[in-house]
Every structure is written in C-alpha cells, then in structure tokens.
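**Student:** Dropping a structure here in structure tokens format, bear with me for questions.
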Amino acid sequence: MTFARLIQVALLLALLGPASASPVLISPAGEVTVDGQRRVLRTPAQVVDGALLVPLQETAALLGRPAQVSGTLFQAGRLVVQTSNRSMTIDGVPYAGKLVLTPGGDPLVEARLLAYALDAPLTVQAGGVLVFSRPTGSVPVPAPQPAAPPAQGATVPAPAGGRPEARFATNKAVYAPGERVTYTDFSFDPDGLNLARKWEGQQDVFFTPGEHQITLMVTNTKGMVSAPYTRTIRVEGAPVNTPLSFALRHTPVGATFADTRNPAYPAAAATMTPGPSFPLLFSDSPEAPTQSGVLYRDRAAGRVRVVAYHLNRLPRPARLFVLARPTTANTSVEVQREGSAGGTRLESVLGQVSVLDFLTSAGRARQLLDPQAPTALYISPLLTPEQGATALLDLNISGEAEISVVMLEDGRQPTNDTLAALPVLPPDGKHQRGTFPQAVRRLTVPVGGAPVQVPLGDAVSDLPLLGTDALTGTPQRLSGNYGLLYELTVENTVPGNSVVIAFAPRGGVYRGGVVLDDGLDRQVLRIPGSGVLTNGDQPLLLWRSAARTVRLSFLPAGGSFLPVSLVLYPLSGDARP
C-alpha cells in the first residue's frame with residue numbers, strides 16, 4: 001500500500017470516529033474560527049497544484065499541538081520538516097509532498113498531511129473551508145481578546161498557569177567573522193510543559209561585521225506564548241573562516257552544504273592501481289520484459305560478478321531469477337557477497353538498498369550445483385506489473401557453470417525443461433547487457449593543497465567498460481559503469497592537513513551508498529541519509545579525516561543518474577569536531 005493510500009485510509013477511519021466538540025475552521029482566505037471567535041492567519045494559506053497548504057506552526061498551535069522548532073528543523077506530531085534541504089518525513093518515512101517556505105523560513109505544508117500527522121481528522125466544507133477536529137486532550141491557542149481595565153480598587157486575578165519564559169545565552173559577546181556561535185537555551189515553563197521554539201536572527205555563524213540581534217520566543221503545549229527574549233552580539237576583527245571553510249569544518253556528516261564552485265574543480269590526478277579483478281555479467285536489457293524469457297546468459301568460471309536489474313512489464317505477476325547450471329563435473333559455487341531488493345516501483349530504492357546490502361554482505365557457504373536441475377542463486381519476491389528487482393552477486397565457481405538471468409510469470413518453475421523452452425528475449429536498444437572483463441577498478445587519488453574532484457561514470461576521465469553480449473555477439477559499452485566496484489584510496493599528501501570528502505550528483509537524481517575505512521573506523525554511509533540528491537551545488541559531506549589514507553568502496557546504484565563526483569577538500573589542522 002502506498003504512503004498516500006495509507007494517509008487516505010487513516011483519514012477515512014478518523015472521519016468515521018467521533019468528532020471533536022470544538023473544531024477549528026480555516027477558510028481559503030485565511031480566516032480562522034475557533035470556539036466561535038474569529039481571527040486571521042498571520043501567514044496566508046496557499047494553493048499549489050490543487051493542494052491547499054497551511055502554515056505549519058500556526059495551524060499546529062491552533063490545534064493544541066504546537067510544533068517543536070530547532071534551527072531549520074520543525075516537528076509537528078509525526079511530521080518532521082527540515083527546511084535546509086526541503087525534506088519531509090512522517091513516521092521516519094520520506095514524503096515527497098508540496099512544501100513552501102516563507103521569506104522567514106516558516107514552512108507551509110499540505111493540510112491533509114498535517115491533519116494526519118497530528119491525528120486531527122479533517123473534512124472540507126462548501127467553499128473549501130477546512131474543518132479540523134482537535135486531537136484528544138489538546139488545548140488550542142486562545143483567541144486574543146482586548147483586556148478591559150479593572151474597576152477602581154478591584155483585584156486582578158492571577159492567570160491559571162503562568163506564561164513560559166524564553167531564555168538563552170551565547171558563549172561570547174564578541175565574535176570574529178566566520179567564528180562559530182554556540183547557543184545555550186535554558187527557556188522554561190512554570191508548569192513544566194514542553195516548549196516549541198521560534199528564533200529570529202539566529203545563525204551558527206556571522207560573516208558580516210557589526211551588531212546582530214537574536215530573538216527567541218517559546219510556546220507551551222497550552223498555546224501560551226512567552227515574551228520575546230533578545231541578545232545582541234558583535235562581529236568584528238579578522239575573519240577566521242570563509243563560508244566554505246566554515247561549512248567544511250562544521251556541517252554534520254550526512255548533510256549538504258553550499259559550494260557553487262564545485263563543478264569547476266580540476267579532476268584529481270588519479271592513477272589506476274593494478275590488482276586482481278574478474279568478469280562482470282550485466283543484465284539490464286530488455287530492462288522491462290513483456291513476456292517470460294531469458295534476459296541474459298553466459299558461461300563463467302572462477303570469480304565473477306552478476307548484476308541483474310529488471311522491471312516486470314508482463315500482464316501478470318512474475319519473478320526474477322539468477323540460475324546456475326554446471327557445465328563441468330562436480331562444480332560448486334560460493335556466494336562471496338550478495339545484495340538485492342525487490343517488490344517496489346521506486347527504482348532509486350532498488351538501487352540504494354541493493355548496493356548497501358551488497359557492500360555489507362557476509363556471503364553464503366559453498367554449495368554443489370545439481371546437474372539435473374538449475375540452482376537458484378537469487379529469487380525475487382513476487383513482482384506485480386511495473387514492480388522491479390535488483391540482484392548483485394559475487395561468485396566463486398569451481399569448474400564452469402552457465403549463468404542465466406530469467407523472468408518467469410508466476411506459477412512457472414525454473415526447471416531444465418522450462419529453460420530449454422524459454423525464448424531468448426532481444427535487447428531493448430536503450431539499456432545494456434553483456435559480459436565485461438573488469439568488475440573492479442582501483443584508483444589512488446592524491447590530495448594536495450587545493451580541492452579536487454574525482455568524476456565517476458562520466459565516460460571521459462572515467463572510461464566506460466567495454467564488453468560483448470554473449471547472446472548476440474554484439475560489442476557493448478557499459479554507460480555509467482553500473483555494476484563496477486570502485487576501490488578508491490585517498491592519500492593526504494600535505495602533513496598537518498585534514499581531508500574532507502564530499503559527494504556531488506552531476507547527472508541528475510542520485511540515491512546510493514558507500515563504505516568508508518578510516519584506520520580502524522569503518523562506516524556504512526547512505527547517500528543521502530533520506531530522500532535523494534539532486535543539486536551539484538549542494539555536495540553531501542561524507543567524512544572528515546586527518547589520516548594519511550582513507551579507503552572507499554563505491555558501486556554506482558541502479559535507478560540513479562551518473563556521472564557523480566567525489567569532491568576532496570584539504571583543510572589545515574584537524575577538521576574533525
């Protein structure tokens with residue numbers, strides 16, 4: 001069931017349940033009715049591609065569930081919005097919905113999504129008026145009312161529960177341009193209620209000399225808002241960082257940063273390092289078969305990598321198989337490494353999950369191949385039409401075996417008789433299949449005193465693999481080098497420097513992974529941590545190291561676009577936090 005369908009079902013169930021006694025009404029014009037009282041949204045609602053977007057913070061507060069705010073991160077119930085990279089997740093799952101940011105950085109999100117995240121059932125009345133039922137136990141923000149002056153000699157009653165107070169401090173009062181500002185927030189609520197925070201003027205760093213005001217306001221879970229609390233800092237003196245050097249030193253690993261110069265960095269003087277390699281059997285054509293058949297087949301001995309990436313375009317459910325049949329006596333096969341993903345229409349998910357699975361796999365024990373029937377080395381989940389599967393297998397074959405990649409409609413078993421009767425499907429003319437002689441490419445990359453990049457899959461500095469389609473004898477050129485494992489050694493050649501390693505998409509949307517070894521520290525890194533990378537001017541920071549050498553294992557992910565670049569930045573001193 002898709003995420004959008006889950007939202008629809010959840011909303012339907014909520015609408016069938018008991019309604020809240022005090023709904024919140026919001027008109028398309030931004031007029032709000034709460035408990036019979038009217039007001040106007042400070043931030044007007046917007047309609048984008050037919051979807052009505054409402055201000056997250058104001059709407060959540062009206063529903064008695066104020067958003068928690070920390071810098072550029074906003075959390076309302078089960079919805080998390082990160083405005084720095086315009087990403088949204090709900091229950092930890094990425095959500096590619098509409099998102100608008102005001103000039104002040106406040107997010108507007110789809111009304112139906114916010115209602116789902118806050119467990120606030122939503123209906124739509126005539127004229128497009130939204131009717132939110134408040135979540136159980138919530139207390140909305142009271143409508144502002146003009147206070148009448150007390151009568152002469154009257155005692156003014158104390159409010160039931162005091163207002164929260166915003167408080168914070170910076171570690172210094174004067175900073176150099178480019179120096180990091182550290183904030184300590186010690187706001188409190190007199191009744192111990194949770195607080196949502198709204199900052200104005202807060203930045204991790206200031207590059208412009210002069211005075212800068214920073215203001216904090218907090219809101220408790222009853223909707224009571226503190227008075228603004230302001231501190232002023234001064235920025236003066238010689239700069240200690242540029243915007244880029246500050247980003248390289250302080251951007252969290254797995255986050256992006258701005259670098260518009262990235263595409264112009266020179267290519268590193270990488271050298272090919274000799275070492276053992278083995279063939280790659282690659283199957284991606286026809287990428288989306290419309291009938292059962294053999295997609296690719298070749299014979300292999302010793303070490304070999306098999307990569308299969310296909311979508312089911314049959315009119316019925318089907319499975320993708322990787323099969324082995326011995327062509328010599330007493331042939332056995334050891335699966336040294338494997339990765340797979342299947343049963344989804346999201347091609348970038350297939351690519352990322354299978355690559356990370358492969359790079360972290362422990363393999364399987366050796367097994368003897370049965371000469372009477374094919375041995376299935378991979379069987380996909382049952383694929384409905386338009387769903388796909390990916391398999392990556394590093395094999396070590398004693399003797400020789402015939403490796404076949406086949407698509408079979410549900411109910412057909414991969415027997416010898418079945419394989420003999422299957423047609424060999426022709427390539428689709430858009431994608432590649434074939435046997436290529438080198439499945440591993442080892443590169444040593446020196447880093448000196450200036451940033452360099454390592455283009456991967458660009459067909460210019462990183463040449464494509466050349467091979468042959470064993471079924472047709474046609475020469476093949478593997479665009480993007482999908483299935484090729486890059487083993488990269490980054491060498492820091494300047495003593496006292498650190499190296500910051502970043503990853504930048506250059507051909508389009510990218511989603512994958514890499515394994516990094518820095519001394520005894522081994523890291524498995526998703527690229528990116530959530531969503532996809534799209535902007536080459538916003539590299540993803542992978543790692544900081546002061547070591548002389550760092551090693552990376554990278555396999556281009558199917559369903560993503562190449563080329564990509566590793567960008568290597570030298571920094572003086574130890575850049576690690």
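Following the order of the structure tokens, first chain is A, next is B, and so on, with residues numbered from 1 inside each chain and ligands from 1 in the order they appear.
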Identify, on the basis of only C-alpha atoms, every residue whose closest approach to Glu211 in chain A does not exceed 9 Å; exclude the query and any residue fewer than 5 positions from it along the same chain; express the result as a PyMOL selection string.
**Tutor:** chain A and resi 232-236
**Student:** What's the 7 Å shell around Pro326 in chain A, counting only C-alpha atoms, without same-chain residues fewer than 3 positions away, as a PyMOL selection string?
**Tutor:** chain A and resi 331+369+371+400-402
**Student:** In range 209-283 of chain A, what's strand (DSSP E) per DSSP? Answer as a PyMOL selection string?
**Tutor:** chain A and resi 210-220+229-235+271-272+280-283
**Student:** Would you put the residues from that selection into a file with C-alpha atoms, as a JSON list (two decimals), in the first residue's frame?
**Tutor:**
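Contents of the output file selection_12.json:
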```
[["chain", "number", "residue", "atom", "x", "y", "z"],
["A", 210, "GLY", "CA", 28.60, 44.80, 13.16],
["A", 211, "GLU", "CA", 25.89, 44.12, 15.72],
["A", 212, "HIS", "CA", 23.43, 41.26, 15.26],
["A", 213, "GLN", "CA", 20.26, 40.74, 17.28],
["A", 214, "ILE", "CA", 19.00, 37.25, 18.09],
["A", 215, "THR", "CA", 15.49, 36.78, 19.49],
["A", 216, "LEU", "CA", 13.77, 33.71, 20.93],
["A", 217, "MET", "CA", 10.09, 33.12, 21.71],
["A", 218, "VAL", "CA", 8.69, 29.89, 23.16],
["A", 219, "THR", "CA", 5.19, 28.40, 23.17],
["A", 220, "ASN", "CA", 3.99, 25.77, 25.63],
["A", 229, "TYR", "CA", 13.93, 37.49, 24.65],
["A", 230, "THR", "CA", 16.74, 39.23, 22.74],
["A", 231, "ARG", "CA", 20.51, 39.27, 22.97],
["A", 232, "THR", "CA", 22.92, 41.28, 20.83],
["A", 233, "ILE", "CA", 26.33, 40.04, 19.73],
["A", 234, "ARG", "CA", 29.05, 41.95, 17.92],
["A", 235, "VAL", "CA", 31.13, 40.66, 14.99],
["A", 271, "THR", "CA", 46.17, 6.60, -11.01],
["A", 272, "MET", "CA", 44.88, 3.14, -11.79],
["A", 280, "LEU", "CA", 31.09, -8.76, -14.78],
["A", 281, "LEU", "CA", 27.93, -10.34, -16.22],
["A", 282, "PHE", "CA", 25.48, -7.46, -16.53],
["A", 283, "SER", "CA", 21.76, -7.87, -17.31]]
```
**Student:** In terms of the shortest atom-to-atom distance over only C-alpha atoms, which of A:Glu200, A:Asp469, A:Glu338, A:Glu110 is closest to Val307 in chain A?
**Tutor:**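 Comparing A:Glu200, A:Asp469, A:Glu338, A:Glu110 against Val307 in chain A, the winner is A:Glu338.
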**Student:** Name the residues in contact with range 286-301 of chain A at a cut-off of 9 Å, using only C-alpha atoms, excluding same-chain residues fewer than 3 positions from it; report them as an MDAnalysis selection string.
**Tutor:** chainID A and resid 279 281:283 304 308:315 318 327 386 388 396:409 419 421:435 469:471
**Student:** Write out as a ChimeraX atom specification each polymer residue whose atoms come within 7 Å of Asn330 in chain A, counting only C-alpha atoms; drop sequence neighbours fewer than 2 positions from it.
**Tutor:** /A:328,332,368
**Student:** Restrict the selected residues to N, CA and C atoms and save them as a PDB file, in the first residue's frame.
**Tutor:**
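Wrote part-v7.pdb, looks like this:
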```pdb
ATOM      1  N   THR A 328      30.596 -28.508 -16.125  1.00  0.00           N
ATOM      2  CA  THR A 328      31.662 -29.460 -15.826  1.00  0.00           C
ATOM      3  C   THR A 328      31.248 -30.263 -14.597  1.00  0.00           C
ATOM      4  N   SER A 332      30.919 -26.473  -8.057  1.00  0.00           N
ATOM      5  CA  SER A 332      30.277 -25.849  -6.897  1.00  0.00           C
ATOM      6  C   SER A 332      30.421 -24.338  -7.004  1.00  0.00           C
ATOM      7  N   LEU A 368      27.180 -27.387  -3.888  1.00  0.00           N
ATOM      8  CA  LEU A 368      27.392 -28.169  -5.100  1.00  0.00           C
ATOM      9  C   LEU A 368      26.230 -27.946  -6.047  1.00  0.00           C
TER      10      LEU A 368
END
```
**Student:** Extract, using only C-alpha atoms, all DNA, RNA and protein residues at most 8 Å from range 169-179 of chain A, discarding same-chain residues fewer than 3 positions from it, and format them as a PDB file with N, CA and C atoms, in the first residue's frame.
**Tutor:**
```pdb
ATOM      1  N   THR A 182      27.928  29.534  19.674  1.00  0.00           N
ATOM      2  CA  THR A 182      27.321  28.448  20.451  1.00  0.00           C
ATOM      3  C   THR A 182      26.201  29.020  21.310  1.00  0.00           C
ATOM      4  N   TYR A 183      25.028  28.408  21.216  1.00  0.00           N
ATOM      5  CA  TYR A 183      23.856  28.876  21.959  1.00  0.00           C
ATOM      6  C   TYR A 183      23.534  27.891  23.083  1.00  0.00           C
ATOM      7  N   THR A 184      23.189  28.432  24.234  1.00  0.00           N
ATOM      8  CA  THR A 184      22.677  27.628  25.335  1.00  0.00           C
ATOM      9  C   THR A 184      21.261  28.112  25.642  1.00  0.00           C
ATOM     10  N   ASP A 185      20.287  27.251  25.386  1.00  0.00           N
ATOM     11  CA  ASP A 185      18.868  27.591  25.567  1.00  0.00           C
ATOM     12  C   ASP A 185      18.424  27.056  26.927  1.00  0.00           C
ATOM     13  N   VAL A 205      26.805  31.061  12.392  1.00  0.00           N
ATOM     14  CA  VAL A 205      27.992  31.862  12.108  1.00  0.00           C
ATOM     15  C   VAL A 205      27.542  33.164  11.447  1.00  0.00           C
ATOM     16  N   PHE A 206      28.310  34.231  11.698  1.00  0.00           N
ATOM     17  CA  PHE A 206      28.064  35.520  11.064  1.00  0.00           C
ATOM     18  C   PHE A 206      29.352  35.945  10.359  1.00  0.00           C
ATOM     19  N   PHE A 207      29.202  36.401   9.125  1.00  0.00           N
ATOM     20  CA  PHE A 207      30.368  36.852   8.355  1.00  0.00           C
ATOM     21  C   PHE A 207      30.388  38.370   8.187  1.00  0.00           C
ATOM     22  N   THR A 208      29.282  39.033   8.488  1.00  0.00           N
ATOM     23  CA  THR A 208      29.185  40.483   8.312  1.00  0.00           C
ATOM     24  C   THR A 208      29.517  41.189   9.622  1.00  0.00           C
ATOM     25  N   PRO A 209      30.519  42.067   9.617  1.00  0.00           N
ATOM     26  CA  PRO A 209      30.845  42.800  10.855  1.00  0.00           C
ATOM     27  C   PRO A 209      29.678  43.678  11.292  1.00  0.00           C
ATOM     28  N   ARG A 231      19.120  38.964  22.642  1.00  0.00           N
ATOM     29  CA  ARG A 231      20.512  39.267  22.965  1.00  0.00           C
ATOM     30  C   ARG A 231      21.179  39.850  21.720  1.00  0.00           C
ATOM     31  N   THR A 232      22.169  40.675  21.929  1.00  0.00           N
ATOM     32  CA  THR A 232      22.918  41.284  20.828  1.00  0.00           C
ATOM     33  C   THR A 232      24.372  40.848  20.912  1.00  0.00           C
ATOM     34  N   ILE A 233      24.903  40.375  19.795  1.00  0.00           N
ATOM     35  CA  ILE A 233      26.330  40.045  19.725  1.00  0.00           C
ATOM     36  C   ILE A 233      26.994  40.982  18.729  1.00  0.00           C
ATOM     37  N   ARG A 234      28.304  41.081  18.837  1.00  0.00           N
ATOM     38  CA  ARG A 234      29.055  41.947  17.921  1.00  0.00           C
ATOM     39  C   ARG A 234      30.060  41.089  17.164  1.00  0.00           C
ATOM     40  N   VAL A 235      30.183  41.374  15.853  1.00  0.00           N
ATOM     41  CA  VAL A 235      31.126  40.659  14.989  1.00  0.00           C
ATOM     42  C   VAL A 235      32.162  41.664  14.499  1.00  0.00           C
ATOM     43  N   GLU A 236      33.441  41.365  14.755  1.00  0.00           N
ATOM     44  CA  GLU A 236      34.499  42.299  14.371  1.00  0.00           C
ATOM     45  C   GLU A 236      35.829  41.559  14.283  1.00  0.00           C
ATOM     46  N   GLY A 237      36.806  42.199  13.659  1.00  0.00           N
ATOM     47  CA  GLY A 237      38.147  41.633  13.583  1.00  0.00           C
ATOM     48  C   GLY A 237      38.398  40.893  12.285  1.00  0.00           C
ATOM     49  N   ALA A 238      39.516  40.157  12.277  1.00  0.00           N
ATOM     50  CA  ALA A 238      39.930  39.414  11.078  1.00  0.00           C
ATOM     51  C   ALA A 238      39.084  38.147  10.938  1.00  0.00           C
ATOM     52  N   PRO A 239      38.651  37.811   9.720  1.00  0.00           N
ATOM     53  CA  PRO A 239      37.861  36.591   9.523  1.00  0.00           C
ATOM     54  C   PRO A 239      38.674  35.343   9.875  1.00  0.00           C
ATOM     55  N   VAL A 240      38.007  34.359  10.475  1.00  0.00           N
ATOM     56  CA  VAL A 240      38.660  33.085  10.788  1.00  0.00           C
ATOM     57  C   VAL A 240      38.185  31.970   9.860  1.00  0.00           C
ATOM     58  N   ASN A 241      37.122  32.215   9.101  1.00  0.00           N
ATOM     59  CA  ASN A 241      36.611  31.228   8.145  1.00  0.00           C
ATOM     60  C   ASN A 241      35.943  31.949   6.991  1.00  0.00           C
ATOM     61  N   THR A 242      35.980  31.337   5.833  1.00  0.00           N
ATOM     62  CA  THR A 242      35.092  31.709   4.737  1.00  0.00           C
ATOM     63  C   THR A 242      33.814  30.888   4.888  1.00  0.00           C
ATOM     64  N   PRO A 243      32.751  31.230   4.169  1.00  0.00           N
ATOM     65  CA  PRO A 243      31.559  30.374   4.242  1.00  0.00           C
ATOM     66  C   PRO A 243      31.854  28.925   3.893  1.00  0.00           C
ATOM     67  N   PHE A 246      33.990  27.243   6.761  1.00  0.00           N
ATOM     68  CA  PHE A 246      33.128  27.004   7.925  1.00  0.00           C
ATOM     69  C   PHE A 246      32.242  25.784   7.675  1.00  0.00           C
TER      70      PHE A 246
END
```
**Student:** Enumerate the residues of range 329-514 of chain A with a DSSP assignment of alpha helix (DSSP H), computed from the backbone, and present them as an MDAnalysis selection string.
**Tutor:** chainID A and resid 347:359 416:421
**Student:** List the neighbours of Tyr486 in chain A out to 10 Å using only C-alpha atoms; skip same-chain residues closer than 4 positions along the sequence, and give me the result as an NGL selection string.
**Tutor:** :A and (439-443 or 456 or 481 or 514 or 552-556)
**Student:** Which residue is closest to Thr251 in chain A? Choose from A:Leu383, A:Leu350, A:Val500, A:Val48 and count only C-alpha atoms.
**Tutor:**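 Nearest candidate to Thr251 in chain A out of A:Leu383, A:Leu350, A:Val500, A:Val48: A:Val500.
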**Student:** Can you tell me, as a ChimeraX atom specification, what residues are no more than 8 Å from range 352-366 of chain A when counting only C-alpha atoms, ignoring any on the same chain fewer than 6 positions away?
**Tutor:** /A:332-341,390-393,511-515,524,526,553,555-558
**Student:** Could you take the residues named above and write them with N, CA and C atoms, as an mmCIF file, in the first residue's frame?
**Tutor:**
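Listing of result-v9.cif after writing:
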```cif
data_model
loop_
_atom_site.group_PDB
_atom_site.id
_atom_site.type_symbol
_atom_site.label_atom_id
_atom_site.label_comp_id
_atom_site.auth_asym_id
_atom_site.auth_seq_id
_atom_site.Cartn_x
_atom_site.Cartn_y
_atom_site.Cartn_z
ATOM 1 N N SER A 332 30.919 -26.473 -8.057
ATOM 2 C CA SER A 332 30.277 -25.849 -6.897
ATOM 3 C C SER A 332 30.421 -24.338 -7.004
ATOM 4 N N VAL A 333 29.606 -23.628 -6.225
ATOM 5 C CA VAL A 333 29.647 -22.170 -6.253
ATOM 6 C C VAL A 333 29.566 -21.632 -4.828
ATOM 7 N N GLU A 334 30.375 -20.628 -4.556
ATOM 8 C CA GLU A 334 30.333 -19.904 -3.284
ATOM 9 C C GLU A 334 29.865 -18.485 -3.572
ATOM 10 N N VAL A 335 28.829 -18.056 -2.858
ATOM 11 C CA VAL A 335 28.378 -16.672 -2.961
ATOM 12 C C VAL A 335 29.189 -15.865 -1.949
ATOM 13 N N GLN A 336 30.148 -15.101 -2.450
ATOM 14 C CA GLN A 336 31.048 -14.373 -1.557
ATOM 15 C C GLN A 336 30.433 -13.071 -1.037
ATOM 16 N N ARG A 337 29.605 -12.465 -1.867
ATOM 17 C CA ARG A 337 28.921 -11.238 -1.474
ATOM 18 C C ARG A 337 27.626 -11.154 -2.266
ATOM 19 N N GLU A 338 26.563 -10.634 -1.644
ATOM 20 C CA GLU A 338 25.305 -10.520 -2.365
ATOM 21 C C GLU A 338 24.496 -9.347 -1.819
ATOM 22 N N GLY A 339 23.707 -8.765 -2.701
ATOM 23 C CA GLY A 339 22.796 -7.698 -2.322
ATOM 24 C C GLY A 339 21.590 -7.742 -3.228
ATOM 25 N N SER A 340 20.438 -7.412 -2.688
ATOM 26 C CA SER A 340 19.225 -7.470 -3.502
ATOM 27 C C SER A 340 18.159 -6.555 -2.923
ATOM 28 N N ALA A 341 17.189 -6.246 -3.770
ATOM 29 C CA ALA A 341 15.991 -5.516 -3.363
ATOM 30 C C ALA A 341 14.939 -5.799 -4.417
ATOM 31 N N THR A 390 16.386 -6.031 -8.132
ATOM 32 C CA THR A 390 17.811 -5.926 -8.427
ATOM 33 C C THR A 390 18.553 -6.990 -7.636
ATOM 34 N N ALA A 391 19.525 -7.640 -8.283
ATOM 35 C CA ALA A 391 20.371 -8.627 -7.610
ATOM 36 C C ALA A 391 21.819 -8.366 -7.982
ATOM 37 N N LEU A 392 22.708 -8.385 -6.982
ATOM 38 C CA LEU A 392 24.146 -8.272 -7.194
ATOM 39 C C LEU A 392 24.799 -9.448 -6.484
ATOM 40 N N LEU A 393 25.580 -10.236 -7.197
ATOM 41 C CA LEU A 393 26.175 -11.450 -6.647
ATOM 42 C C LEU A 393 27.645 -11.522 -7.040
ATOM 43 N N ARG A 511 20.786 8.361 -5.534
ATOM 44 C CA ARG A 511 20.499 7.746 -4.233
ATOM 45 C C ARG A 511 21.279 6.440 -4.171
ATOM 46 N N GLY A 512 22.238 6.337 -3.255
ATOM 47 C CA GLY A 512 23.072 5.134 -3.205
ATOM 48 C C GLY A 512 23.740 4.960 -1.863
ATOM 49 N N GLY A 513 24.999 4.528 -1.879
ATOM 50 C CA GLY A 513 25.720 4.295 -0.635
ATOM 51 C C GLY A 513 27.185 4.067 -0.885
ATOM 52 N N VAL A 514 27.976 4.109 0.194
ATOM 53 C CA VAL A 514 29.414 3.902 0.120
ATOM 54 C C VAL A 514 29.873 3.325 1.451
ATOM 55 N N VAL A 515 30.933 2.515 1.413
ATOM 56 C CA VAL A 515 31.579 2.027 2.632
ATOM 57 C C VAL A 515 32.941 2.690 2.720
ATOM 58 N N VAL A 524 29.412 2.678 7.130
ATOM 59 C CA VAL A 524 28.498 2.411 6.022
ATOM 60 C C VAL A 524 27.609 3.639 5.898
ATOM 61 N N ARG A 526 24.786 6.011 3.853
ATOM 62 C CA ARG A 526 23.759 6.204 2.836
ATOM 63 C C ARG A 526 23.982 7.540 2.129
ATOM 64 N N SER A 553 34.744 2.177 -0.804
ATOM 65 C CA SER A 553 34.195 1.204 -1.746
ATOM 66 C C SER A 553 32.878 1.764 -2.258
ATOM 67 N N LEU A 555 29.869 1.539 -5.444
ATOM 68 C CA LEU A 555 29.244 0.846 -6.562
ATOM 69 C C LEU A 555 28.103 1.727 -7.055
ATOM 70 N N PRO A 556 28.111 2.185 -8.313
ATOM 71 C CA PRO A 556 27.005 3.022 -8.797
ATOM 72 C C PRO A 556 25.667 2.318 -8.614
ATOM 73 N N ALA A 557 24.680 3.060 -8.128
ATOM 74 C CA ALA A 557 23.376 2.486 -7.809
ATOM 75 C C ALA A 557 22.452 2.569 -9.019
ATOM 76 N N GLY A 558 21.857 1.437 -9.376
ATOM 77 C CA GLY A 558 20.866 1.430 -10.438
ATOM 78 C C GLY A 558 19.671 2.298 -10.075
#
```
**Student:** Separation of CA of Asp458 in chain A and CA of Pro263 in chain A, in Å?
**Tutor:**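 That distance, rounded to one decimal, is 12.7 Å.
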**Student:** Which residue, A:Ala111, A:Leu395, A:Leu73, A:Ala324, has the smallest gap to Pro28 in chain A when you use only C-alpha atoms?
**Tutor:** A:Ala111
**Student:** Calculate how many Å separate CA of Gly77 in chain A from CA of Arg65 in chain A, rounding to one decimal.
**Tutor:**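 Distance between the two atoms: 7.2 Å.
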